[in-house]
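Trainee: Handing you this structure, nothing more for now.
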Amino acid sequence: MKSKGLSYCGYYLFTKRVLIVLDLELAKSILTKDFSHFTDHVIYCNEENDPLTGHLFSLKGQRWKNLRMKLTPSFASGKIKMMFQSLVDCSHELVRYMDGLSKSKEAMEVKEVVGRFTTDVIGTCAFGIECNSLKNPDSEFRKYGKKALAVNFMLKSLIAISVPQIFDVLKIPLTNPTVTKFFMGVVKETVEYREKNNIIRNDFMHSLIQLKNNVKLKDEESPGQLKSEENGNEIGNTLTLEEITAQAFVFFLAGFETSATTLTFCFYELVTNPEIQEKLRLEIRDVLEKHDGKLTLNAIMEMTYMDWCVNETLRKYPPVPVLSRNCTQSYKIPNSDVVIDKDVEVFVPVLGIQHDPDYYPEPERFDPERFSPENKTKRHAYSWLPFGEGPRGCIGMRFGLMQIKVALAVLVGNYKFFLNSKTRYPIVLDRQSLILSPLGGVWLNVEKVSD
Ligand code: HEM
């Protein structure tokens, strides 16, 4: 459609009208400039039937605005810095696990392994709980995390978006009730334990407990910060136990799977482009040497080639391939007579944009240099949207990038990775997965790098 010179096109999804945005300036208007017309995600939310759906990703209108304002300071750079050590602690277990594999010469499915690492990281930071899923692959968190994202949840979500009345009238919860029970129980126990023993930790759970107790979190510049005119009128009521469970739940789901898939695709590209893997390893080792071998946040920030590799992975394989917005106030498309009516669903096709040869020549080629400062400035800023954009963009971007980079630093810095024949080559995407995922996983062999 874009090659025909169109800026947008539309179709019917059953009875719903959907507009697909093809032009990047229009995407910018919808996501950022004229955000007040498109404030909601297209996703099911009914807190009465299913308390875990009352989270930041799915809340709408003023309730979302109030909550986003309250949660934004928890994701500011200062707060994320304080969680860095927890990530490094989880990475020690990853190294121990990898040492075992390199000795036994067994192949590993990389998403399973890095998924256990990201589960441990988010479990610690969002719930304050050591999940130990690297040591124990059948840990409760891993079990319920997988259950929460199982295929029937994906199918139910699609039906709930298309015909929410079925779920509302029949009072069908979207979340598996055993998952709800598990997460409710964990948060209740953690909150009670921390409050009784006066425990303060630098993690998301602590921020959530402060919000439950009506402590306003200190402001700091953060991703997707709402501008004053977009702010809710007031900070609003305190959060209930159910509301904080829903937030911890979405941090967990949004945090472990997206970061694990990004790492998986990154490893796939590194093993199929060994020269890029070697260049990245040299950078990691060089920077760490300058930092006395210590993995610090500053050291990670100095790894620019790593940043380009991660950006290029997110370009080729955005975990969330389409951004959605519901038109909440009718909107006239600039320089046209077309009006987008209220309740029309608007989709921004991130995967399509990021594979458009007009922005990325030879889009199937993995080329981290596309993200060098010179090359980046040549492109429209909205040609790279893996974290979305505007006030509704990903609140966890800094945290997600940090855990991806810590894993890359400890793994690529210390081990060499090779493609195992069990991996489908070229990669095939799993059609049953809501987020972009490789069918059959990515299998690798590991060898320790000698010092
Ligand atoms: C590679 C890692 C990640 C990717 C690619 C990613 C991607 C996204 C995308 C595309 C959106 C929708 C943005 C939009 O509609 O404009 C989003 C929203 C969100 N993400 Fe992430 N995310 C990642 C990591 C995380 C992490 C680590 C957390 C939490 C700890 C998180 C929490 C959220 C939340 C709560 C929202 C909803 C924001 C709102 O509606 O106000 N994400 N993410």
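Ordered as shown in the structure tokens, chains take letters A, B, and onward, while each chain numbers its residues from 1 and ligands are numbered from 1 in the order shown.
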Could you report the residues within 7 Å of ligand 1, using only C-alpha atoms and all ligand atoms, as a ChimeraX atom specification?

Mentor: /A:31,41,56-58,68,122,250-252,254-256,258-259,262,314,318-320,323-324,386-390,392-397,399-401

Trainee: Applying 8 Å and only C-alpha atoms, which residues near Thr313 in chain A remain after dropping the ones on its own chain fewer than 4 positions away? List them as a ChimeraX atom specification.

Mentor: /A:262,265-266,269,309,317-318,366

Trainee: Output the selection as a PDB file, in the first residue's frame - N, CA and C atoms for each residue.

Mentor:
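For reference, out.pdb as written:
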ATOM      1  N   THR A 262      14.205 -10.683  22.674  1.00  0.00           N
ATOM      2  CA  THR A 262      15.217  -9.826  22.039  1.00  0.00           C
ATOM      3  C   THR A 262      16.586 -10.506  22.130  1.00  0.00           C
ATOM      4  N   PHE A 265      16.806 -13.483  19.594  1.00  0.00           N
ATOM      5  CA  PHE A 265      17.055 -13.082  18.206  1.00  0.00           C
ATOM      6  C   PHE A 265      18.468 -12.497  18.058  1.00  0.00           C
ATOM      7  N   CYS A 266      18.932 -11.807  19.085  1.00  0.00           N
ATOM      8  CA  CYS A 266      20.275 -11.237  19.024  1.00  0.00           C
ATOM      9  C   CYS A 266      21.299 -12.371  18.913  1.00  0.00           C
ATOM     10  N   GLU A 269      21.435 -13.853  15.467  1.00  0.00           N
ATOM     11  CA  GLU A 269      22.202 -13.040  14.518  1.00  0.00           C
ATOM     12  C   GLU A 269      23.700 -13.123  14.819  1.00  0.00           C
ATOM     13  N   CYS A 309      24.075  -3.239  18.266  1.00  0.00           N
ATOM     14  CA  CYS A 309      23.618  -4.625  18.008  1.00  0.00           C
ATOM     15  C   CYS A 309      22.210  -4.828  18.560  1.00  0.00           C
ATOM     16  N   TYR A 317      13.643  -7.575  14.585  1.00  0.00           N
ATOM     17  CA  TYR A 317      12.666  -8.434  15.280  1.00  0.00           C
ATOM     18  C   TYR A 317      11.987  -7.679  16.421  1.00  0.00           C
ATOM     19  N   PRO A 318      11.143  -6.687  16.126  1.00  0.00           N
ATOM     20  CA  PRO A 318      10.486  -5.982  17.252  1.00  0.00           C
ATOM     21  C   PRO A 318       9.545  -6.949  17.982  1.00  0.00           C
ATOM     22  N   PHE A 366      21.544  -8.100   8.734  1.00  0.00           N
ATOM     23  CA  PHE A 366      21.762  -7.641  10.112  1.00  0.00           C
ATOM     24  C   PHE A 366      23.004  -6.761  10.103  1.00  0.00           C
TER      25      PHE A 366
END

Trainee: Report as a PyMOL selection string all protein, DNA and RNA residues lying within 12 Å of Gly352 in chain A, evaluated on only C-alpha atoms, omitting residues in the same chain fewer than 2 positions from it.

Mentor: chain A and resi 1-2+20-24+315-318+320-323+347-350+354-360+363-364+383-386

Trainee: Could you list, as a list in words, every residue within 10 Å of Pro368 in chain A, counting only C-alpha atoms and ignoring same-chain residues fewer than 4 positions away?

Mentor: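 So, after excluding close chain neighbours, the residues are Ile276, Tyr305, Met306, Asp307, Trp308, Cys309, Val310, Asn311, Glu312, Thr313, Arg315 and Ser372 of chain A.
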
Trainee: Find the residue from A:Ile199, A:Val406, A:Val271, A:Ile340 that sits nearest to Phe117 in chain A; use only C-alpha atoms when measuring.

Mentor: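 The closest residue to Phe117 in chain A is A:Val406.
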
Trainee: When you look at Gly185 in chain A with a cut-off of 12 Å (counting only C-alpha atoms), what residues show up, excluding the ones that are within fewer than 5 positions of it in the same chain? I need them as a list of chain:residue names.

Mentor: A:Phe127, A:Thr178, A:Val179, A:Thr180, A:Thr190, A:Val191, A:Glu192, A:Leu241, A:Glu242, A:Thr245, A:Phe249

Trainee: Take the residues from that selection and write them out as a PDB file, in the first residue's frame, keeping all heavy atoms.

Mentor:
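Written output follows (part-v3.pdb):
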ATOM      1  N   PHE A 127       8.772  -8.240  42.306  1.00  0.00           N
ATOM      2  CA  PHE A 127       8.115  -8.906  43.439  1.00  0.00           C
ATOM      3  C   PHE A 127       9.015  -9.024  44.664  1.00  0.00           C
ATOM      4  O   PHE A 127       8.569  -9.446  45.724  1.00  0.00           O
ATOM      5  CB  PHE A 127       7.649 -10.317  43.035  1.00  0.00           C
ATOM      6  CG  PHE A 127       6.546 -10.293  42.023  1.00  0.00           C
ATOM      7  CD1 PHE A 127       6.820 -10.262  40.673  1.00  0.00           C
ATOM      8  CD2 PHE A 127       5.220 -10.285  42.425  1.00  0.00           C
ATOM      9  CE1 PHE A 127       5.807 -10.222  39.738  1.00  0.00           C
ATOM     10  CE2 PHE A 127       4.191 -10.249  41.489  1.00  0.00           C
ATOM     11  CZ  PHE A 127       4.493 -10.216  40.144  1.00  0.00           C
ATOM     12  N   THR A 178      -5.877 -19.679  38.189  1.00  0.00           N
ATOM     13  CA  THR A 178      -4.769 -20.170  39.027  1.00  0.00           C
ATOM     14  C   THR A 178      -3.601 -19.162  38.994  1.00  0.00           C
ATOM     15  O   THR A 178      -2.878 -18.996  39.973  1.00  0.00           O
ATOM     16  CB  THR A 178      -4.249 -21.568  38.582  1.00  0.00           C
ATOM     17  OG1 THR A 178      -3.782 -21.449  37.242  1.00  0.00           O
ATOM     18  CG2 THR A 178      -5.323 -22.633  38.667  1.00  0.00           C
ATOM     19  N   VAL A 179      -3.467 -18.488  37.852  1.00  0.00           N
ATOM     20  CA  VAL A 179      -2.414 -17.466  37.722  1.00  0.00           C
ATOM     21  C   VAL A 179      -2.755 -16.291  38.644  1.00  0.00           C
ATOM     22  O   VAL A 179      -1.906 -15.793  39.395  1.00  0.00           O
ATOM     23  CB  VAL A 179      -2.277 -17.003  36.246  1.00  0.00           C
ATOM     24  CG1 VAL A 179      -1.334 -15.822  36.117  1.00  0.00           C
ATOM     25  CG2 VAL A 179      -1.819 -18.157  35.360  1.00  0.00           C
ATOM     26  N   THR A 180      -4.033 -15.866  38.609  1.00  0.00           N
ATOM     27  CA  THR A 180      -4.466 -14.750  39.468  1.00  0.00           C
ATOM     28  C   THR A 180      -4.206 -15.102  40.931  1.00  0.00           C
ATOM     29  O   THR A 180      -3.647 -14.302  41.687  1.00  0.00           O
ATOM     30  CB  THR A 180      -5.979 -14.472  39.258  1.00  0.00           C
ATOM     31  OG1 THR A 180      -6.198 -14.260  37.874  1.00  0.00           O
ATOM     32  CG2 THR A 180      -6.438 -13.259  40.042  1.00  0.00           C
ATOM     33  N   THR A 190       4.266 -10.712  50.318  1.00  0.00           N
ATOM     34  CA  THR A 190       5.437  -9.827  50.285  1.00  0.00           C
ATOM     35  C   THR A 190       5.141  -8.504  50.983  1.00  0.00           C
ATOM     36  O   THR A 190       5.947  -8.014  51.785  1.00  0.00           O
ATOM     37  CB  THR A 190       5.868  -9.546  48.817  1.00  0.00           C
ATOM     38  OG1 THR A 190       5.959 -10.780  48.156  1.00  0.00           O
ATOM     39  CG2 THR A 190       7.174  -8.819  48.726  1.00  0.00           C
ATOM     40  N   VAL A 191       3.969  -7.929  50.664  1.00  0.00           N
ATOM     41  CA  VAL A 191       3.627  -6.627  51.252  1.00  0.00           C
ATOM     42  C   VAL A 191       3.527  -6.777  52.775  1.00  0.00           C
ATOM     43  O   VAL A 191       4.102  -5.975  53.540  1.00  0.00           O
ATOM     44  CB  VAL A 191       2.298  -6.094  50.652  1.00  0.00           C
ATOM     45  CG1 VAL A 191       1.828  -4.853  51.393  1.00  0.00           C
ATOM     46  CG2 VAL A 191       2.482  -5.788  49.168  1.00  0.00           C
ATOM     47  N   GLU A 192       2.835  -7.824  53.221  1.00  0.00           N
ATOM     48  CA  GLU A 192       2.662  -8.009  54.673  1.00  0.00           C
ATOM     49  C   GLU A 192       4.022  -8.179  55.359  1.00  0.00           C
ATOM     50  O   GLU A 192       4.294  -7.574  56.386  1.00  0.00           O
ATOM     51  CB  GLU A 192       1.776  -9.235  54.957  1.00  0.00           C
ATOM     52  CG  GLU A 192       0.304  -8.905  54.762  1.00  0.00           C
ATOM     53  CD  GLU A 192      -0.603 -10.131  54.853  1.00  0.00           C
ATOM     54  OE1 GLU A 192      -0.107 -11.257  55.123  1.00  0.00           O
ATOM     55  OE2 GLU A 192      -1.804  -9.956  54.643  1.00  0.00           O
ATOM     56  N   LEU A 241      -4.405  -3.251  47.159  1.00  0.00           N
ATOM     57  CA  LEU A 241      -3.536  -4.420  47.018  1.00  0.00           C
ATOM     58  C   LEU A 241      -3.746  -5.069  45.638  1.00  0.00           C
ATOM     59  O   LEU A 241      -2.793  -5.497  44.983  1.00  0.00           O
ATOM     60  CB  LEU A 241      -3.832  -5.420  48.141  1.00  0.00           C
ATOM     61  CG  LEU A 241      -2.809  -6.521  48.313  1.00  0.00           C
ATOM     62  CD1 LEU A 241      -1.464  -5.967  48.743  1.00  0.00           C
ATOM     63  CD2 LEU A 241      -3.292  -7.552  49.325  1.00  0.00           C
ATOM     64  N   GLU A 242      -5.011  -5.110  45.198  1.00  0.00           N
ATOM     65  CA  GLU A 242      -5.300  -5.704  43.876  1.00  0.00           C
ATOM     66  C   GLU A 242      -4.642  -4.875  42.772  1.00  0.00           C
ATOM     67  O   GLU A 242      -4.092  -5.426  41.817  1.00  0.00           O
ATOM     68  CB  GLU A 242      -6.804  -5.766  43.645  1.00  0.00           C
ATOM     69  CG  GLU A 242      -7.451  -6.816  44.522  1.00  0.00           C
ATOM     70  CD  GLU A 242      -8.904  -7.067  44.194  1.00  0.00           C
ATOM     71  OE1 GLU A 242      -9.525  -6.183  43.596  1.00  0.00           O
ATOM     72  OE2 GLU A 242      -9.402  -8.144  44.563  1.00  0.00           O
ATOM     73  N   THR A 245      -0.969  -5.505  42.676  1.00  0.00           N
ATOM     74  CA  THR A 245      -0.681  -6.839  42.113  1.00  0.00           C
ATOM     75  C   THR A 245      -0.759  -6.771  40.588  1.00  0.00           C
ATOM     76  O   THR A 245       0.101  -7.329  39.887  1.00  0.00           O
ATOM     77  CB  THR A 245      -1.695  -7.881  42.628  1.00  0.00           C
ATOM     78  OG1 THR A 245      -1.740  -7.815  44.034  1.00  0.00           O
ATOM     79  CG2 THR A 245      -1.292  -9.286  42.194  1.00  0.00           C
ATOM     80  N   PHE A 249       2.267  -7.639  38.116  1.00  0.00           N
ATOM     81  CA  PHE A 249       1.997  -8.689  37.126  1.00  0.00           C
ATOM     82  C   PHE A 249       2.375  -8.208  35.715  1.00  0.00           C
ATOM     83  O   PHE A 249       3.037  -8.915  34.959  1.00  0.00           O
ATOM     84  CB  PHE A 249       0.500  -9.035  37.208  1.00  0.00           C
ATOM     85  CG  PHE A 249       0.048 -10.087  36.236  1.00  0.00           C
ATOM     86  CD1 PHE A 249       0.528 -11.388  36.310  1.00  0.00           C
ATOM     87  CD2 PHE A 249      -0.891  -9.777  35.252  1.00  0.00           C
ATOM     88  CE1 PHE A 249       0.088 -12.356  35.416  1.00  0.00           C
ATOM     89  CE2 PHE A 249      -1.330 -10.744  34.351  1.00  0.00           C
ATOM     90  CZ  PHE A 249      -0.839 -12.033  34.436  1.00  0.00           C
TER      91      PHE A 249
END

Trainee: Pick the closest to Ser162 in chain A from A:Arg365, A:Lys378, A:Arg424, A:Arg17: which is it, counting only C-alpha atoms?

Mentor: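 Closest to Ser162 in chain A, using only C-alpha atoms: A:Arg17.
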
Trainee: Env of range 37-40 of chain A: 9 Å cut, atoms = only C-alpha atoms, seq-sep filter 6 positions within chain, self excluded. Answer as a ChimeraX atom specification.

Mentor: /A:30-31,57-61,64-65,324-331,342,346,391-392

Trainee: Here is a test: counting only C-alpha atoms, which residue of A:Leu94, A:Val169, A:Leu217, A:Val412 is nearest to Val449 in chain A?

Mentor: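 Checking each of A:Leu94, A:Val169, A:Leu217, A:Val412 against Val449 in chain A, counting only C-alpha atoms, the winner is A:Val412.
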
Trainee: State, in Å with one decimal place, the distance from CA of Leu436 in chain A to CA of Asp168 in chain A.

Mentor: 28.9 Å

Trainee: Would you kindly return, as a PyMOL selection string, each protein, DNA or RNA residue with an atom no farther than 8 Å from any atom of Asn420 in chain A, considering only C-alpha atoms and excluding same-chain residues fewer than 5 positions away?

Mentor: chain A and resi 107+443-445

Trainee: Go through A:Lys143, A:Lys294, A:Asn213, A:Leu19 and flag the residue nearest Thr240 in chain A, using only C-alpha atoms for the distances.

Mentor: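 Of A:Lys143, A:Lys294, A:Asn213, A:Leu19, the one nearest Thr240 in chain A is A:Asn213, counting only C-alpha atoms.
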
Trainee: Given the choices A:Tyr8, A:Tyr382, A:Phe183, A:Phe267, which gets closest to Lys28 in chain A if the distance is worked out from only C-alpha atoms?

Mentor: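 Of A:Tyr8, A:Tyr382, A:Phe183, A:Phe267, the one nearest Lys28 in chain A is A:Tyr382, counting only C-alpha atoms.
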
Trainee: What residues in range 221-358 of chain A get the DSSP label alpha helix (DSSP H)? Please answer as a PyMOL selection string.

Mentor: chain A and resi 241-272+274-290+297-302+304-316+350-354

Trainee: Report the distance between CA of Gly5 in chain A and CA of His380 in chain A in Å, rounded to one decimal place.

Mentor: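 Straight-line distance from CA of Gly5 in chain A to CA of His380 in chain A works out to 17.2 Å.
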
Trainee: Here is a test: counting only C-alpha atoms, which residue of A:Glu48, A:Val339, A:Lys147, A:Tyr268 is nearest to Val428 in chain A?

Mentor: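 Closest residue, counting only C-alpha atoms: A:Tyr268.
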